[in-house]
>>> print(open('model-v9.tsv').read())   # TSV, C-alpha atoms and all ligand atoms
chain	number	residue	atom	x	y	z
A	14	MET	CA	100.96	-147.59	-74.40
A	15	ASN	CA	97.97	-149.39	-75.78
A	16	SER	CA	97.44	-149.99	-79.43
A	17	ILE	CA	94.57	-148.16	-81.04
A	18	GLY	CA	95.00	-150.65	-83.89
A	19	GLN	CA	92.87	-152.91	-81.73
A	20	ASP	CA	89.61	-151.06	-82.27
A	21	LEU	CA	89.15	-152.25	-85.79
A	22	ASP	CA	87.07	-150.00	-87.97
A	23	VAL	CA	87.78	-150.95	-91.56
A	24	SER	CA	86.42	-147.63	-92.80
A	25	GLU	CA	89.51	-146.10	-91.22
A	26	ASN	CA	91.84	-148.11	-93.45
A	27	PHE	CA	93.01	-146.66	-96.74
A	28	PRO	CA	91.84	-148.48	-99.87
A	29	ASP	CA	94.61	-149.79	-102.18
A	30	LEU	CA	97.23	-149.71	-99.43
A	31	PRO	CA	98.30	-152.52	-97.11
A	32	PRO	CA	96.80	-152.02	-93.62
A	33	PHE	CA	98.86	-150.65	-90.76
A	34	PRO	CA	100.23	-153.66	-88.84
A	35	ASN	CA	98.73	-154.55	-85.47
A	36	HIS	CA	101.96	-155.61	-83.81
A	37	VAL	CA	103.64	-152.21	-83.47
A	38	THR	CA	103.16	-149.84	-80.57
A	39	THR	CA	101.13	-146.76	-81.33
A	40	ALA	CA	100.58	-143.47	-79.54
A	41	PRO	CA	97.18	-143.39	-77.80
A	42	LEU	CA	96.24	-140.06	-79.30
A	43	LEU	CA	92.82	-138.66	-78.47
A	44	ARG	CA	90.24	-138.56	-81.24
A	45	ILE	CA	88.36	-135.31	-81.34
A	46	SER	CA	85.20	-134.78	-83.36
A	47	LEU	CA	85.02	-131.66	-85.52
A	48	LYS	CA	81.25	-131.61	-85.21
A	49	LYS	CA	81.37	-131.75	-81.42
A	50	LEU	CA	83.92	-128.92	-81.38
A	51	LEU	CA	81.68	-126.84	-83.62
A	52	ASP	CA	78.78	-127.62	-81.26
A	53	GLN	CA	80.93	-126.40	-78.33
A	54	ASN	CA	80.57	-129.78	-76.61
A	55	PRO	CA	82.28	-129.18	-73.23
A	56	ALA	CA	83.87	-132.64	-73.00
A	57	GLU	CA	85.30	-132.31	-76.51
A	58	LEU	CA	86.71	-128.83	-75.80
A	59	SER	CA	88.42	-130.22	-72.71
A	60	LYS	CA	89.85	-133.15	-74.67
A	61	LEU	CA	91.44	-130.74	-77.11
A	62	TYR	CA	92.99	-128.69	-74.30
A	63	ASP	CA	94.25	-131.79	-72.47
A	64	ALA	CA	95.82	-133.20	-75.64
A	65	SER	CA	97.51	-129.84	-76.27
A	66	VAL	CA	99.05	-129.79	-72.79
A	67	ASP	CA	99.96	-133.49	-72.59
A	68	ILE	CA	101.24	-134.57	-75.98
A	69	GLY	CA	100.55	-131.78	-78.47
A	70	PHE	CA	99.06	-134.23	-81.00
A	71	PHE	CA	95.51	-135.42	-81.61
A	72	TYR	CA	93.29	-136.80	-84.36
A	73	LEU	CA	90.54	-134.58	-85.72
A	74	ASP	CA	87.64	-136.60	-87.11
A	75	LEU	CA	86.60	-134.61	-90.16
A	76	ARG	CA	83.86	-136.94	-91.36
A	77	ASP	CA	81.04	-135.56	-89.28
A	78	ALA	CA	80.94	-131.92	-90.42
A	79	GLU	CA	80.53	-130.34	-93.84
A	80	GLN	CA	83.73	-128.27	-93.82
A	81	GLY	CA	85.66	-131.32	-92.64
A	82	GLN	CA	84.29	-133.35	-95.53
A	83	HIS	CA	85.36	-130.60	-97.94
A	84	LEU	CA	88.86	-130.68	-96.48
A	85	LEU	CA	88.99	-134.46	-96.90
A	86	ASP	CA	87.93	-134.06	-100.54
A	87	ASP	CA	90.62	-131.42	-101.11
A	88	ALA	CA	93.24	-133.67	-99.51
A	89	ASP	CA	92.18	-136.62	-101.71
A	90	ALA	CA	92.49	-134.49	-104.84
A	91	LEU	CA	95.87	-133.14	-103.74
A	92	PHE	CA	97.29	-136.59	-103.02
A	93	GLN	CA	96.82	-137.27	-106.73
A	94	VAL	CA	98.41	-133.92	-107.60
A	95	GLY	CA	101.35	-134.79	-105.33
A	96	GLU	CA	101.99	-138.05	-107.18
A	97	ARG	CA	102.04	-136.27	-110.53
A	98	LEU	CA	104.21	-133.50	-109.15
A	99	PHE	CA	106.92	-135.81	-107.85
A	100	ASP	CA	106.76	-137.90	-111.06
A	101	LEU	CA	108.33	-134.95	-112.91
A	102	SER	CA	112.03	-135.35	-113.69
A	103	LEU	CA	114.51	-134.36	-111.00
A	104	GLU	CA	115.92	-131.77	-113.37
A	105	GLU	CA	112.53	-130.13	-113.82
A	106	LYS	CA	111.78	-130.20	-110.11
A	107	GLN	CA	115.15	-128.67	-109.29
A	108	GLY	CA	114.21	-125.73	-111.46
A	109	TYR	CA	111.76	-124.84	-108.67
A	110	ASP	CA	114.30	-125.03	-105.82
A	111	PHE	CA	114.44	-121.41	-104.62
A	112	SER	CA	116.60	-122.01	-101.56
A	113	SER	CA	119.55	-120.13	-103.05
A	114	GLN	CA	117.25	-117.07	-103.03
A	115	LYS	CA	116.59	-117.61	-99.31
A	116	SER	CA	113.09	-118.87	-99.97
A	117	TYR	CA	111.92	-122.11	-98.37
A	118	PHE	CA	109.05	-122.36	-100.84
A	119	GLY	CA	109.30	-124.65	-103.84
A	120	TYR	CA	111.18	-127.93	-104.23
A	121	LYS	CA	113.59	-129.62	-101.82
A	122	SER	CA	115.29	-132.77	-103.03
A	123	GLN	CA	116.21	-135.77	-100.89
A	124	GLY	CA	119.50	-135.83	-99.02
A	125	VAL	CA	119.99	-132.22	-97.88
A	126	SER	CA	119.36	-132.48	-94.12
A	127	PRO	CA	121.03	-134.73	-91.55
A	128	VAL	CA	118.57	-137.02	-89.78
A	129	ASP	CA	120.94	-137.91	-86.95
A	130	LEU	CA	124.23	-136.93	-85.34
A	131	ASP	CA	126.08	-139.46	-87.56
A	132	GLY	CA	125.24	-137.30	-90.55
A	133	ASN	CA	122.90	-139.73	-92.34
A	134	LEU	CA	120.85	-137.64	-94.75
A	135	ASP	CA	117.08	-137.38	-95.20
A	136	ARG	CA	115.15	-139.57	-97.63
A	137	ALA	CA	112.17	-137.36	-98.39
A	138	GLU	CA	111.36	-134.88	-101.14
A	139	PHE	CA	109.29	-131.79	-100.31
A	140	TYR	CA	107.40	-129.23	-102.32
A	141	ASN	CA	106.37	-126.22	-100.20
A	142	ILE	CA	103.72	-123.75	-101.37
A	143	SER	CA	103.17	-120.40	-99.71
A	144	LYS	CA	99.70	-119.55	-98.41
A	145	ASP	CA	100.35	-115.92	-99.37
A	146	ASP	CA	101.11	-116.95	-102.97
A	147	ILE	CA	97.90	-118.96	-103.34
A	148	MET	CA	95.80	-116.29	-101.58
A	149	GLY	CA	97.18	-113.54	-103.84
A	150	ILE	CA	98.92	-111.70	-100.97
A	151	THR	CA	102.34	-111.96	-102.65
A	152	ASP	CA	103.38	-112.38	-106.29
A	153	PRO	CA	103.12	-115.99	-107.45
A	154	LEU	CA	106.33	-118.00	-107.66
A	155	PRO	CA	106.99	-119.95	-110.86
A	156	ALA	CA	105.54	-123.46	-110.55
A	157	PRO	CA	105.15	-126.56	-112.73
A	158	ASP	CA	101.93	-126.88	-114.77
A	159	VAL	CA	100.52	-129.58	-112.53
A	160	LEU	CA	100.53	-127.07	-109.67
A	161	LEU	CA	99.37	-124.11	-111.73
A	162	GLN	CA	96.34	-126.18	-112.76
A	163	SER	CA	95.60	-127.05	-109.13
A	164	ARG	CA	95.64	-123.59	-107.60
A	165	GLY	CA	91.88	-123.68	-107.00
A	166	THR	CA	92.11	-126.93	-105.04
A	167	ALA	CA	95.17	-125.64	-103.20
A	168	ARG	CA	93.24	-122.53	-102.20
A	169	SER	CA	90.31	-124.57	-100.95
A	170	PHE	CA	92.69	-126.84	-98.99
A	171	ILE	CA	94.40	-123.80	-97.45
A	172	GLU	CA	91.12	-122.09	-96.52
A	173	ASN	CA	89.66	-125.25	-95.00
A	174	SER	CA	92.87	-126.16	-93.15
A	175	HIS	CA	93.17	-122.61	-91.89
A	176	ALA	CA	89.60	-122.79	-90.59
A	177	MET	CA	90.53	-125.92	-88.59
A	178	VAL	CA	93.56	-124.09	-87.20
A	179	ARG	CA	91.44	-121.09	-86.17
A	180	LEU	CA	88.96	-123.39	-84.47
A	181	VAL	CA	91.75	-125.06	-82.47
A	182	LEU	CA	93.13	-121.63	-81.57
A	183	GLN	CA	89.69	-120.41	-80.46
A	184	VAL	CA	89.27	-123.39	-78.15
A	185	LEU	CA	92.75	-122.93	-76.68
A	186	ASN	CA	92.19	-119.17	-76.33
A	187	HIS	CA	89.01	-119.83	-74.35
A	188	LYS	CA	90.57	-122.56	-72.17
A	189	LEU	CA	93.59	-120.39	-71.40
A	190	GLY	CA	91.31	-117.49	-70.46
A	191	LEU	CA	93.07	-115.15	-72.87
A	192	PRO	CA	91.21	-112.01	-73.93
A	193	GLU	CA	88.71	-112.94	-76.65
A	194	GLY	CA	90.28	-113.29	-80.09
A	195	THR	CA	93.92	-113.03	-78.95
A	196	LEU	CA	95.23	-116.08	-80.82
A	197	SER	CA	92.98	-115.58	-83.86
A	198	SER	CA	94.23	-112.00	-84.22
A	199	LEU	CA	97.76	-113.35	-84.69
A	200	HIS	CA	96.65	-115.76	-87.44
A	201	ARG	CA	94.58	-113.88	-90.02
A	202	LEU	CA	94.26	-115.68	-93.33
A	203	GLN	CA	94.77	-112.48	-95.34
A	204	SER	CA	97.87	-111.29	-93.43
A	205	LYS	CA	101.47	-112.01	-94.39
A	206	SER	CA	102.76	-115.15	-92.73
A	207	ALA	CA	105.03	-118.12	-93.36
A	208	ASP	CA	102.02	-120.44	-93.57
A	209	GLN	CA	102.59	-123.10	-96.16
A	210	MET	CA	101.28	-126.34	-97.55
A	211	ARG	CA	103.75	-129.15	-98.17
A	212	PHE	CA	103.72	-132.21	-100.38
A	213	ILE	CA	106.07	-134.98	-99.21
A	214	LYS	CA	107.25	-138.14	-100.98
A	215	ALA	CA	109.39	-140.80	-99.33
A	216	PRO	CA	110.12	-143.73	-101.66
A	217	PRO	CA	110.42	-147.31	-100.35
A	218	GLN	CA	113.82	-147.87	-98.70
A	219	PRO	CA	116.08	-150.89	-99.38
A	220	VAL	CA	114.92	-153.87	-97.28
A	221	ASN	CA	118.27	-154.16	-95.53
A	222	ASP	CA	118.67	-150.42	-94.94
A	223	ARG	CA	115.42	-149.06	-93.56
A	224	ARG	CA	115.89	-146.08	-91.30
A	225	VAL	CA	114.70	-142.62	-90.41
A	226	ALA	CA	113.69	-140.68	-93.53
A	227	LEU	CA	112.94	-137.32	-91.91
A	228	GLY	CA	114.89	-136.45	-88.78
A	229	GLU	CA	113.39	-135.70	-85.38
A	230	HIS	CA	112.08	-132.19	-84.97
A	231	THR	CA	109.34	-130.02	-83.58
A	232	ASP	CA	107.27	-128.08	-86.09
A	233	PHE	CA	108.14	-124.38	-86.19
A	234	GLY	CA	104.74	-122.74	-86.15
A	235	SER	CA	101.40	-122.78	-84.33
A	236	VAL	CA	99.20	-125.63	-85.55
A	237	THR	CA	99.92	-128.32	-88.16
A	238	VAL	CA	97.24	-130.16	-90.13
A	239	LEU	CA	98.69	-133.41	-91.47
A	240	PHE	CA	97.36	-136.07	-93.83
A	241	ASN	CA	99.30	-139.27	-94.36
A	242	ARG	CA	98.22	-142.77	-95.31
A	243	LEU	CA	101.10	-145.11	-94.56
A	244	GLY	CA	102.65	-145.43	-91.12
A	245	GLY	CA	106.13	-144.11	-90.44
A	246	LEU	CA	105.35	-141.00	-88.42
A	247	GLN	CA	106.57	-141.50	-84.86
A	248	VAL	CA	106.35	-139.34	-81.75
A	249	LEU	CA	108.57	-139.34	-78.68
A	250	PRO	CA	106.41	-139.20	-75.56
A	251	PRO	CA	107.63	-137.06	-72.64
A	252	GLY	CA	110.13	-138.41	-70.11
A	253	SER	CA	113.80	-139.34	-70.07
A	254	ASP	CA	113.16	-143.06	-70.71
A	255	ALA	CA	110.55	-142.51	-73.45
A	256	GLU	CA	110.58	-144.63	-76.61
A	257	TRP	CA	109.42	-143.72	-80.10
A	258	VAL	CA	105.89	-144.86	-80.93
A	259	TYR	CA	104.03	-144.83	-84.24
A	260	VAL	CA	101.10	-142.62	-85.07
A	261	LYS	CA	98.65	-144.79	-86.96
A	262	PRO	CA	97.10	-142.99	-89.94
A	263	LEU	CA	93.29	-143.03	-89.85
A	264	ALA	CA	91.17	-142.40	-92.94
A	265	GLY	CA	88.74	-139.52	-92.46
A	266	HIS	CA	90.95	-137.84	-89.86
A	267	ALA	CA	93.65	-135.19	-89.85
A	268	ILE	CA	96.57	-135.54	-87.48
A	269	MET	CA	96.75	-132.19	-85.70
A	270	SER	CA	99.76	-130.99	-83.75
A	271	LEU	CA	101.14	-127.90	-82.09
A	272	GLY	CA	104.45	-126.27	-82.97
A	273	ASP	CA	107.16	-124.17	-81.32
A	274	ALA	CA	105.16	-120.95	-81.51
A	275	MET	CA	102.45	-122.28	-79.18
A	276	VAL	CA	105.12	-123.33	-76.69
A	277	LYS	CA	106.75	-119.91	-76.76
A	278	LEU	CA	103.45	-117.98	-76.60
A	279	THR	CA	102.39	-120.00	-73.53
A	280	ASN	CA	105.82	-120.11	-71.86
A	281	GLY	CA	105.98	-123.90	-72.10
A	282	LEU	CA	102.41	-124.70	-70.98
A	283	LEU	CA	101.33	-126.18	-74.33
A	284	ARG	CA	103.45	-128.89	-75.89
A	285	SER	CA	105.00	-129.27	-79.33
A	286	ASN	CA	105.91	-132.91	-79.56
A	287	ILE	CA	109.15	-134.18	-81.06
A	288	HIS	CA	108.40	-136.36	-84.07
A	289	ARG	CA	110.16	-137.98	-87.03
A	290	VAL	CA	109.37	-140.16	-90.04
A	291	THR	CA	110.82	-143.66	-90.43
A	292	ALA	CA	110.26	-146.31	-93.09
A	293	PRO	CA	106.61	-147.47	-92.86
A	294	PRO	CA	106.23	-150.57	-90.65
A	295	GLY	CA	105.77	-154.13	-91.92
A	296	ILE	CA	104.72	-154.69	-95.52
A	297	GLN	CA	103.86	-151.02	-95.80
A	298	GLY	CA	107.63	-150.47	-96.06
A	299	GLY	CA	107.55	-151.62	-99.69
A	300	HIS	CA	105.30	-148.74	-100.73
A	301	THR	CA	105.90	-145.09	-101.55
A	302	ARG	CA	104.81	-142.84	-98.72
A	303	TYR	CA	103.09	-139.52	-99.51
A	304	SER	CA	101.96	-136.86	-97.06
A	305	LEU	CA	100.21	-133.53	-97.35
A	306	VAL	CA	100.61	-130.89	-94.66
A	307	TYR	CA	99.35	-127.42	-93.79
A	308	PHE	CA	101.62	-125.52	-91.43
A	309	ALA	CA	100.04	-122.48	-89.77
A	310	ARG	CA	102.40	-119.97	-88.22
A	311	PRO	CA	101.84	-116.66	-86.47
A	312	GLU	CA	101.83	-113.64	-88.78
A	313	ASP	CA	105.30	-112.46	-89.82
A	314	GLU	CA	105.75	-109.64	-87.31
A	315	VAL	CA	104.44	-111.47	-84.22
A	316	LEU	CA	107.08	-111.78	-81.50
A	317	LEU	CA	107.33	-115.31	-80.16
A	318	GLN	CA	107.08	-114.39	-76.50
A	319	ARG	CA	104.82	-115.20	-73.58
A	320	LEU	CA	101.31	-113.79	-74.04
A	321	GLN	CA	99.81	-111.50	-71.39
A	322	GLY	CA	96.32	-111.93	-70.03
A	323	SER	CA	95.99	-115.57	-68.97
A	324	ASP	CA	96.28	-116.79	-65.38
A	325	LEU	CA	97.17	-120.27	-66.62
A	326	ILE	CA	100.24	-119.30	-68.65
A	327	PRO	CA	103.15	-119.58	-66.21
A	328	PRO	CA	104.95	-116.32	-65.42
A	329	LEU	CA	108.56	-115.91	-66.46
A	330	GLN	CA	110.87	-117.28	-63.82
A	331	ILE	CA	113.28	-114.98	-62.06
A	332	GLY	CA	116.19	-114.56	-64.42
A	333	GLN	CA	114.33	-116.05	-67.41
A	334	VAL	CA	114.99	-113.81	-70.40
A	335	GLU	CA	112.98	-114.32	-73.55
A	336	GLU	CA	114.66	-114.00	-76.91
A	337	THR	CA	113.25	-111.22	-79.12
A	338	ILE	CA	112.52	-112.96	-82.40
A	339	SER	CA	109.69	-112.53	-84.87
A	340	SER	CA	107.70	-115.42	-86.25
A	341	LYS	CA	109.18	-114.73	-89.69
A	342	ASP	CA	112.80	-114.87	-88.48
A	343	TRP	CA	112.14	-117.96	-86.35
A	344	VAL	CA	110.89	-119.91	-89.35
A	345	ILE	CA	113.84	-118.79	-91.49
A	346	ARG	CA	116.33	-119.79	-88.80
A	347	ARG	CA	114.71	-123.19	-88.28
A	348	ALA	CA	114.14	-123.91	-91.99
A	349	PHE	CA	117.68	-123.18	-93.16
A	350	GLY	CA	119.67	-124.22	-90.07
A	351	LEU	CA	119.90	-127.91	-90.96
A	352	ARG	CA	120.62	-127.75	-94.69
A	353	VAL	CA	124.00	-129.25	-95.60
A	354	ASP	CA	123.68	-127.70	-99.06
A	355	LEU	CA	123.26	-124.17	-97.67
A	356	VAL	CA	125.09	-123.99	-94.34
A	357	LYS	CA	128.75	-124.69	-93.63
A	358	GLY	CA	129.07	-126.69	-90.40
A	359	ILE	CA	125.59	-127.51	-89.14
A	360	ASP	CA	124.93	-126.16	-85.64
A	361	PHE	CA	122.15	-128.33	-84.16
A	362	GLU	CA	121.87	-126.17	-81.07
A	363	LYS	CA	121.52	-122.88	-82.92
A	364	SER	CA	118.82	-124.17	-85.24
A	365	ALA	CA	116.92	-126.00	-82.49
A	366	GLY	CA	113.28	-125.33	-81.64
A	367	THR	CA	111.49	-126.32	-78.45
A	368	GLU	CA	112.71	-129.94	-78.43
A	369	GLN	CA	114.25	-129.75	-74.97
A	370	LEU	CA	111.06	-128.38	-73.44
A	371	SER	CA	109.08	-131.00	-75.31
A	372	ARG	CA	110.98	-133.79	-73.58
A	373	ARG	CA	109.70	-132.52	-70.22
A	374	VAL	CA	112.99	-133.58	-68.65
A	375	LYS	CA	114.46	-131.17	-66.12
A	376	VAL	CA	118.16	-130.52	-66.75
A	401	LIG	O1	104.99	-137.10	-93.25
A	401	LIG	C1	104.61	-137.04	-92.08
A	401	LIG	O2	103.83	-137.88	-91.60
A	401	LIG	C2	105.11	-135.95	-91.16
A	401	LIG	C3	105.91	-134.88	-91.84
A	401	LIG	C4	106.46	-133.85	-90.89
A	401	LIG	O3	106.61	-134.06	-89.72
A	401	LIG	C5	106.85	-132.52	-91.41
A	401	LIG	O4	106.86	-132.31	-92.64
A	401	LIG	O5	107.13	-131.62	-90.57
A	402	FE	FE	106.83	-132.20	-88.62
>>> encode(input="model-v9.tsv", output="structure tokens")
Amino acid sequence: MNSIGQDLDVSENFPDLPPFPNHVTTAPLLRISLKKLLDQNPAELSKLYDASVDIGFFYLDLRDAEQGQHLLDDADALFQVGERLFDLSLEEKQGYDFSSQKSYFGYKSQGVSPVDLDGNLDRAEFYNISKDDIMGITDPLPAPDVLLQSRGTARSFIENSHAMVRLVLQVLNHKLGLPEGTLSSLHRLQSKSADQMRFIKAPPQPVNDRRVALGEHTDFGSVTVLFNRLGGLQVLPPGSDAEWVYVKPLAGHAIMSLGDAMVKLTNGLLRSNIHRVTAPPGIQGGHTRYSLVYFARPEDEVLLQRLQGSDLIPPLQIGQVEETISSKDWVIRRAFGLRVDLVKGIDFEKSAGTEQLSRRVKV
């Protein structure tokens, strides 16, 4: 693994935060230009496909196209909203924890999910907001004032993130040789889905007890659009002897990744990489880490099974039986499976996603 920290471009650092250290190993993720994708640049389209097959993660440089710049502006504004949101008292935030009503939208406090088999608990707060709520497809959930006042920015963030997702899906659709519009037709902005945006806060950890804050997982859905500013995100490359490597945050870029749904729709051809969040490296570890995410998922009723119509998607093997599960039920199973506050006796296997396939290790 080489370190992309070596190509120093100060404009890719984040002002007011200590820089990402040079001495840690980073994932050599491809950088893909939004403008070149929009221009249908053949080399760029191929880079996106290769990254989706090999590692399932890539950077999207948003600086060179107007819609990308709008998304960066939305993300900047929402980072400030996120700080104010998590500054509310725990008691107030817990008033927006709807998990007892079987909703994964709203607040999730720290310490409700194991991050390892020893039972150490997570060290990250979440606030999840439904795309359907912000788009007016479902009734709005109660929310704190700081969020009610930011619904316009949230909507812009969702629309712009969703446009990036649709672009990625269009490129993959074309590369896979699927009938025109297949993937887009499963991800319509105005249709009911489990799409959500998420604010995350992970406070600095004690110097002598720095560890994983968010346990290893694959994302549940199709395409994830992630903004973070401090290191801490790590991916596990394929192979049985692979070691965790950091993903260096780059200003002006989104970190894009594929989730379980893309693996299932392509019978394992595309990859959803295992990742986790640790304490930020070096002096960054003394700072509070915030992230902002958009998770796109197939529409609620879509069955997560191999798609027909592409010669590249491997056929089912003799004896391979696909589970019949809708996108909606998959997300519910994955989201609630690892909650010590909701489930008696966590069953890691039952709530697993495509982690085993992601490892690319034959068993
Ligand atoms: O905070 C990050 O960098 C990643 C968060 C993440 O993986 C998730 O929320 O699924
Ligand atoms: Fe994730």
>>> residues_around(input="model-v9.tsv", residues="Ser304 of chain A", least_positions_apart="6", cutoff="12 Å", atoms="only C-alpha atoms", output="PyMOL selection string")
chain A and resi 88-89+91-96+99+137-141+210-216+238-246+262+267-268+290
>>> residues_around(input="model-v9.tsv", residues="segment 326-339 of chain A", least_positions_apart="2", cutoff="8 Å", atoms="all atoms listed in the file", output="PDB file with C-alpha atoms, in the coordinates of the input")
ATOM      1  CA  LEU A 189      93.590-120.390 -71.400  1.00  0.00           C
ATOM      2  CA  THR A 279     102.390-120.000 -73.530  1.00  0.00           C
ATOM      3  CA  ASN A 280     105.820-120.110 -71.860  1.00  0.00           C
ATOM      4  CA  GLY A 281     105.980-123.900 -72.100  1.00  0.00           C
ATOM      5  CA  LEU A 282     102.410-124.700 -70.980  1.00  0.00           C
ATOM      6  CA  ASP A 313     105.300-112.460 -89.820  1.00  0.00           C
ATOM      7  CA  GLU A 314     105.750-109.640 -87.310  1.00  0.00           C
ATOM      8  CA  VAL A 315     104.440-111.470 -84.220  1.00  0.00           C
ATOM      9  CA  LEU A 316     107.080-111.780 -81.500  1.00  0.00           C
ATOM     10  CA  LEU A 317     107.330-115.310 -80.160  1.00  0.00           C
ATOM     11  CA  GLN A 318     107.080-114.390 -76.500  1.00  0.00           C
ATOM     12  CA  ARG A 319     104.820-115.200 -73.580  1.00  0.00           C
ATOM     13  CA  LEU A 320     101.310-113.790 -74.040  1.00  0.00           C
ATOM     14  CA  SER A 323      95.990-115.570 -68.970  1.00  0.00           C
ATOM     15  CA  ASP A 324      96.280-116.790 -65.380  1.00  0.00           C
ATOM     16  CA  LYS A 341     109.180-114.730 -89.690  1.00  0.00           C
ATOM     17  CA  ASP A 342     112.800-114.870 -88.480  1.00  0.00           C
ATOM     18  CA  TRP A 343     112.140-117.960 -86.350  1.00  0.00           C
TER      19      TRP A 343
END
>>> residues_near_ligand(input="model-v9.tsv", ligand="ligand FE 402 (chain A)", cutoff="12 Å", atoms="only C-alpha atoms and all ligand atoms", output="PyMOL selection string")
chain A and resi 69-70+139+211+213+226-241+246-248+268-273+285-290+304-309+347-348+366+368
>>> write_last_selection(input="model-v9.tsv", atoms="C-alpha atoms", output="PDB file, in the coordinates of the input")
ATOM      1  CA  GLY A  69     100.550-131.780 -78.470  1.00  0.00           C
ATOM      2  CA  PHE A  70      99.060-134.230 -81.000  1.00  0.00           C
ATOM      3  CA  PHE A 139     109.290-131.790-100.310  1.00  0.00           C
ATOM      4  CA  ARG A 211     103.750-129.150 -98.170  1.00  0.00           C
ATOM      5  CA  ILE A 213     106.070-134.980 -99.210  1.00  0.00           C
ATOM      6  CA  ALA A 226     113.690-140.680 -93.530  1.00  0.00           C
ATOM      7  CA  LEU A 227     112.940-137.320 -91.910  1.00  0.00           C
ATOM      8  CA  GLY A 228     114.890-136.450 -88.780  1.00  0.00           C
ATOM      9  CA  GLU A 229     113.390-135.700 -85.380  1.00  0.00           C
ATOM     10  CA  HIS A 230     112.080-132.190 -84.970  1.00  0.00           C
ATOM     11  CA  THR A 231     109.340-130.020 -83.580  1.00  0.00           C
ATOM     12  CA  ASP A 232     107.270-128.080 -86.090  1.00  0.00           C
ATOM     13  CA  PHE A 233     108.140-124.380 -86.190  1.00  0.00           C
ATOM     14  CA  GLY A 234     104.740-122.740 -86.150  1.00  0.00           C
ATOM     15  CA  SER A 235     101.400-122.780 -84.330  1.00  0.00           C
ATOM     16  CA  VAL A 236      99.200-125.630 -85.550  1.00  0.00           C
ATOM     17  CA  THR A 237      99.920-128.320 -88.160  1.00  0.00           C
ATOM     18  CA  VAL A 238      97.240-130.160 -90.130  1.00  0.00           C
ATOM     19  CA  LEU A 239      98.690-133.410 -91.470  1.00  0.00           C
ATOM     20  CA  PHE A 240      97.360-136.070 -93.830  1.00  0.00           C
ATOM     21  CA  ASN A 241      99.300-139.270 -94.360  1.00  0.00           C
ATOM     22  CA  LEU A 246     105.350-141.000 -88.420  1.00  0.00           C
ATOM     23  CA  GLN A 247     106.570-141.500 -84.860  1.00  0.00           C
ATOM     24  CA  VAL A 248     106.350-139.340 -81.750  1.00  0.00           C
ATOM     25  CA  ILE A 268      96.570-135.540 -87.480  1.00  0.00           C
ATOM     26  CA  MET A 269      96.750-132.190 -85.700  1.00  0.00           C
ATOM     27  CA  SER A 270      99.760-130.990 -83.750  1.00  0.00           C
ATOM     28  CA  LEU A 271     101.140-127.900 -82.090  1.00  0.00           C
ATOM     29  CA  GLY A 272     104.450-126.270 -82.970  1.00  0.00           C
ATOM     30  CA  ASP A 273     107.160-124.170 -81.320  1.00  0.00           C
ATOM     31  CA  SER A 285     105.000-129.270 -79.330  1.00  0.00           C
ATOM     32  CA  ASN A 286     105.910-132.910 -79.560  1.00  0.00           C
ATOM     33  CA  ILE A 287     109.150-134.180 -81.060  1.00  0.00           C
ATOM     34  CA  HIS A 288     108.400-136.360 -84.070  1.00  0.00           C
ATOM     35  CA  ARG A 289     110.160-137.980 -87.030  1.00  0.00           C
ATOM     36  CA  VAL A 290     109.370-140.160 -90.040  1.00  0.00           C
ATOM     37  CA  SER A 304     101.960-136.860 -97.060  1.00  0.00           C
ATOM     38  CA  LEU A 305     100.210-133.530 -97.350  1.00  0.00           C
ATOM     39  CA  VAL A 306     100.610-130.890 -94.660  1.00  0.00           C
ATOM     40  CA  TYR A 307      99.350-127.420 -93.790  1.00  0.00           C
ATOM     41  CA  PHE A 308     101.620-125.520 -91.430  1.00  0.00           C
ATOM     42  CA  ALA A 309     100.040-122.480 -89.770  1.00  0.00           C
ATOM     43  CA  ARG A 347     114.710-123.190 -88.280  1.00  0.00           C
ATOM     44  CA  ALA A 348     114.140-123.910 -91.990  1.00  0.00           C
ATOM     45  CA  GLY A 366     113.280-125.330 -81.640  1.00  0.00           C
ATOM     46  CA  GLU A 368     112.710-129.940 -78.430  1.00  0.00           C
TER      47      GLU A 368
END
>>> atom_distance(input="model-v9.tsv", atom1="atom CA of Leu47 of chain A", atom2="atom CA of Asp63 of chain A")
16.0 Å
>>> closest_residue(input="model-v9.tsv", among="A:Leu325, A:Leu30, A:Val260, A:Val344", to="Gly190 of chain A", atoms="only C-alpha atoms")
A:Leu325
>>> closest_residue(input="model-v9.tsv", among="A:Leu182, A:Val66, A:Leu134, A:Ala292", to="Thr195 of chain A", atoms="only C-alpha atoms")
A:Leu182
>>> atom_distance(input="model-v9.tsv", atom1="atom CA of Thr291 of chain A", atom2="atom CA of Asp87 of chain A")
25.9 Å
>>> atom_distance(input="model-v9.tsv", atom1="atom CA of Glu256 of chain A", atom2="atom O2 of ligand LIG 401 (chain A)")
17.8 Å
>>> residues_around(input="model-v9.tsv", residues="Trp257 of chain A", least_positions_apart="2", cutoff="9 Å", atoms="all atoms listed in the file", output="NGL selection string")
:A and (38-40 or 247-250 or 255 or 259 or 288)
>>> closest_residue(input="model-v9.tsv", among="A:Ser371, A:Gln82, A:Ser126, A:Ser204", to="Asp146 of chain A", atoms="all atoms listed in the file")
A:Ser204
>>> residues_around(input="model-v9.tsv", residues="Leu160 of chain A", least_positions_apart="4", cutoff="10 Å", atoms="all atoms listed in the file", output="PyMOL selection string")
chain A and resi 91+94-95+97-98+142+155-156+164-167
>>> closest_residue(input="model-v9.tsv", among="A:Asp100, A:Glu79, A:Glu172, A:Asp135", to="ligand LIG 401 (chain A)", atoms="only C-alpha atoms and all ligand atoms")
A:Asp135
>>> residues_near_point(input="model-v9.tsv", point="(100.1, -150.6, -95.1)", cutoff="8 Å", atoms="all atoms listed in the file", output="PyMOL selection string")
chain A and resi 30-34+243-244+293-298+300
